[in-house]
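S.K.: Here it is, the structure, as structure tokens.
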Amino acid sequence: MRDRASTDFLSIKRAKNGQGVFANNVFKKGETVLEFRGKIFTKNNLPNPYDAVEDHYVQIEKDEYMGPSGGVDDFVNHSCEPSCGVKIYNPGIFLVAIRDIGVGEEITWDYSTTMDEDEWEMDCCCGSKLCRKKIRDYKYLPNDIQEKYQKLAIAPAYILRTKK
Ligand SMILES: [Zn+2]
């Protein structure tokens, strides 16, 4: 796997809502775009109060979260029609292109793909034609979208294990 975690390949710029991460070069479908490099927290050790998006936390296991790294991975926005998906390996959490991405395109993932929390949701204004208006747990995604993400292998094992 090529190391795409370097900021040479990505820039943080003004996006539709605040800041976002944009491609400086082409990424082919399946290529690693970046690695999440924050510290790991258990649910009990999360900051209180906690805001997953403002504080840059990503759920990575039933009871584990990755905190902010201070790098580009903190600034990747949600989209209901994302360019990337999260792949959780052991070790390593990566963002991988789920379609070809052109220069200047925004790097996004669907936050719902990693969410199995029951406690937290937010309004979505990603602007996609497919926008679901709410970002909620994976289990609330429409079936066709769940199937698409499962085919792309970006639905984490901890969610598929517990999903009804
Ligand atoms: Zn949306």
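As shown in the structure tokens, the chain order sets the letters A, B, ...; within each chain, residues go from 1, and ligands are also counted from 1 in the order they appear.
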Can you tell me which residues sit at most 8 Å away from ligand 1, counting only C-alpha atoms and all ligand atoms, written as a VMD selection string?
M.R.: chain A and resid 78 to 81 124 to 128 130 to 135
S.K.: Keeping only C-alpha atoms, write the selected residues to a file as a short mmCIF file (atom, residue, chain, number, x, y, z; two decimals), in the first residue's frame.
M.R.:
```cif
data_model
loop_
_atom_site.label_atom_id
_atom_site.label_comp_id
_atom_site.auth_asym_id
_atom_site.auth_seq_id
_atom_site.Cartn_x
_atom_site.Cartn_y
_atom_site.Cartn_z
CA HIS A 78 -19.36 13.95 5.75
CA SER A 79 -21.27 13.46 2.52
CA CYS A 80 -24.37 11.37 1.83
CA GLU A 81 -22.73 10.74 -1.57
CA CYS A 124 -26.91 17.08 7.29
CA CYS A 125 -26.55 19.83 4.75
CA CYS A 126 -24.01 18.14 2.48
CA GLY A 127 -25.86 19.39 -0.60
CA SER A 128 -25.93 16.02 -2.38
CA LEU A 130 -29.06 11.95 -2.21
CA CYS A 131 -28.85 13.87 1.08
CA ARG A 132 -30.69 12.06 3.90
CA LYS A 133 -30.90 15.31 6.00
CA LYS A 134 -29.83 13.47 9.17
CA ILE A 135 -26.58 11.72 10.00
#
```
S.K.: Return as CSV the residues of stretch 59-106 of chain A lying at most 8 Å from stretch 142-160 of chain A, together with the closest atom-to-atom pair for each and the distance in Å to one decimal, counting only C-alpha atoms, with rows in chain order and ascending residue number.
M.R.:
```
residue,atom,partner,partner_atom,distance
A:Ile60,CA,A:Pro156,CA,7.9
A:Glu61,CA,A:Tyr158,CA,5.8
A:Lys62,CA,A:Tyr158,CA,5.8
A:Gly85,CA,A:Ile154,CA,5.5
A:Val86,CA,A:Ile154,CA,5.7
A:Lys87,CA,A:Ile154,CA,5.7
A:Ile88,CA,A:Pro156,CA,6.6
A:Ile98,CA,A:Leu152,CA,7.0
```
S.K.: Please report, as a PyMOL selection string, each residue of chain A to which DSSP assigns alpha helix (DSSP H) when run on this structure's backbone.
M.R.: chain A and resi 143-151+157-162
S.K.: Write out, as a CSV table (one decimal), in the first residue's frame, the residues just selected, with N, CA, C and O atoms.
M.R.:
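Once everything was written out, this is out03.csv:
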```
chain,number,residue,atom,x,y,z
A,143,ASN,N,-31.8,0.3,3.0
A,143,ASN,CA,-31.2,-1.0,2.7
A,143,ASN,C,-30.3,-1.0,1.4
A,143,ASN,O,-29.2,-1.6,1.4
A,144,ASP,N,-30.7,-0.2,0.4
A,144,ASP,CA,-29.9,-0.2,-0.8
A,144,ASP,C,-28.6,0.4,-0.6
A,144,ASP,O,-27.5,0.0,-1.1
A,145,ILE,N,-28.5,1.4,0.3
A,145,ILE,CA,-27.3,2.1,0.6
A,145,ILE,C,-26.4,1.2,1.5
A,145,ILE,O,-25.2,1.1,1.3
A,146,GLN,N,-27.0,0.5,2.4
A,146,GLN,CA,-26.2,-0.5,3.2
A,146,GLN,C,-25.6,-1.5,2.3
A,146,GLN,O,-24.4,-1.9,2.5
A,147,GLU,N,-26.4,-2.0,1.3
A,147,GLU,CA,-25.8,-3.0,0.4
A,147,GLU,C,-24.7,-2.5,-0.4
A,147,GLU,O,-23.7,-3.2,-0.6
A,148,LYS,N,-24.8,-1.3,-0.8
A,148,LYS,CA,-23.7,-0.6,-1.6
A,148,LYS,C,-22.5,-0.5,-0.8
A,148,LYS,O,-21.4,-0.9,-1.2
A,149,TYR,N,-22.6,-0.1,0.5
A,149,TYR,CA,-21.4,0.0,1.3
A,149,TYR,C,-20.8,-1.3,1.7
A,149,TYR,O,-19.6,-1.5,1.8
A,150,GLN,N,-21.7,-2.3,1.9
A,150,GLN,CA,-21.2,-3.7,2.2
A,150,GLN,C,-20.4,-4.2,1.0
A,150,GLN,O,-19.3,-4.8,1.1
A,151,LYS,N,-20.9,-4.0,-0.2
A,151,LYS,CA,-20.2,-4.4,-1.4
A,151,LYS,C,-18.8,-3.8,-1.6
A,151,LYS,O,-17.9,-4.3,-2.0
A,157,ALA,N,-16.7,-4.3,10.7
A,157,ALA,CA,-17.2,-5.6,11.2
A,157,ALA,C,-18.0,-5.4,12.5
A,157,ALA,O,-19.0,-6.1,12.7
A,158,TYR,N,-17.7,-4.4,13.3
A,158,TYR,CA,-18.4,-4.2,14.6
A,158,TYR,C,-19.9,-3.8,14.3
A,158,TYR,O,-20.7,-4.1,15.2
A,159,ILE,N,-20.1,-3.2,13.2
A,159,ILE,CA,-21.5,-2.9,12.9
A,159,ILE,C,-22.2,-4.1,12.3
A,159,ILE,O,-23.4,-4.4,12.6
A,160,LEU,N,-21.6,-4.8,11.4
A,160,LEU,CA,-22.2,-5.9,10.7
A,160,LEU,C,-22.5,-7.0,11.7
A,160,LEU,O,-23.5,-7.7,11.6
A,161,ARG,N,-21.7,-7.1,12.7
A,161,ARG,CA,-21.8,-8.1,13.8
A,161,ARG,C,-23.1,-7.9,14.6
A,161,ARG,O,-23.8,-8.8,15.0
A,162,THR,N,-23.4,-6.6,14.9
A,162,THR,CA,-24.5,-6.3,15.8
A,162,THR,C,-25.8,-5.9,15.1
A,162,THR,O,-26.8,-5.8,15.7
```
S.K.: Got a sec: who's within 12 Å of stretch 34-51 of chain A, counting only C-alpha atoms, leaving out chain neighbours fewer than 6 positions off, as a PyMOL selection string?
M.R.: chain A and resi 1-11+21-23+27+57-76+84-89+91-97+107-109+116-117+119-122
S.K.: Rounded to one decimal, what separation in Å do you get between atom CA of A:Val26 and atom CA of A:Glu105?
M.R.: 9.0 Å
S.K.: Can you tell me how far atom CA of A:Asp110 sits from atom CA of A:Ser83, in Å to one decimal?
M.R.: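 Spanning atom CA of A:Asp110 to atom CA of A:Ser83 is a straight-line distance of 8.8 Å.
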S.K.: Go through stretch 48-93 of chain A and collect every residue that DSSP, computed from the backbone, puts in strand (DSSP E or B); the answer should be as a PyMOL selection string.
M.R.: chain A and resi 58-61+64-66+77-78+84-88+93
S.K.: Record the distance separating atom CA of A:Gly18 and atom CA of A:Tyr111, expressed in Å with one decimal.
M.R.: 16.4 Å
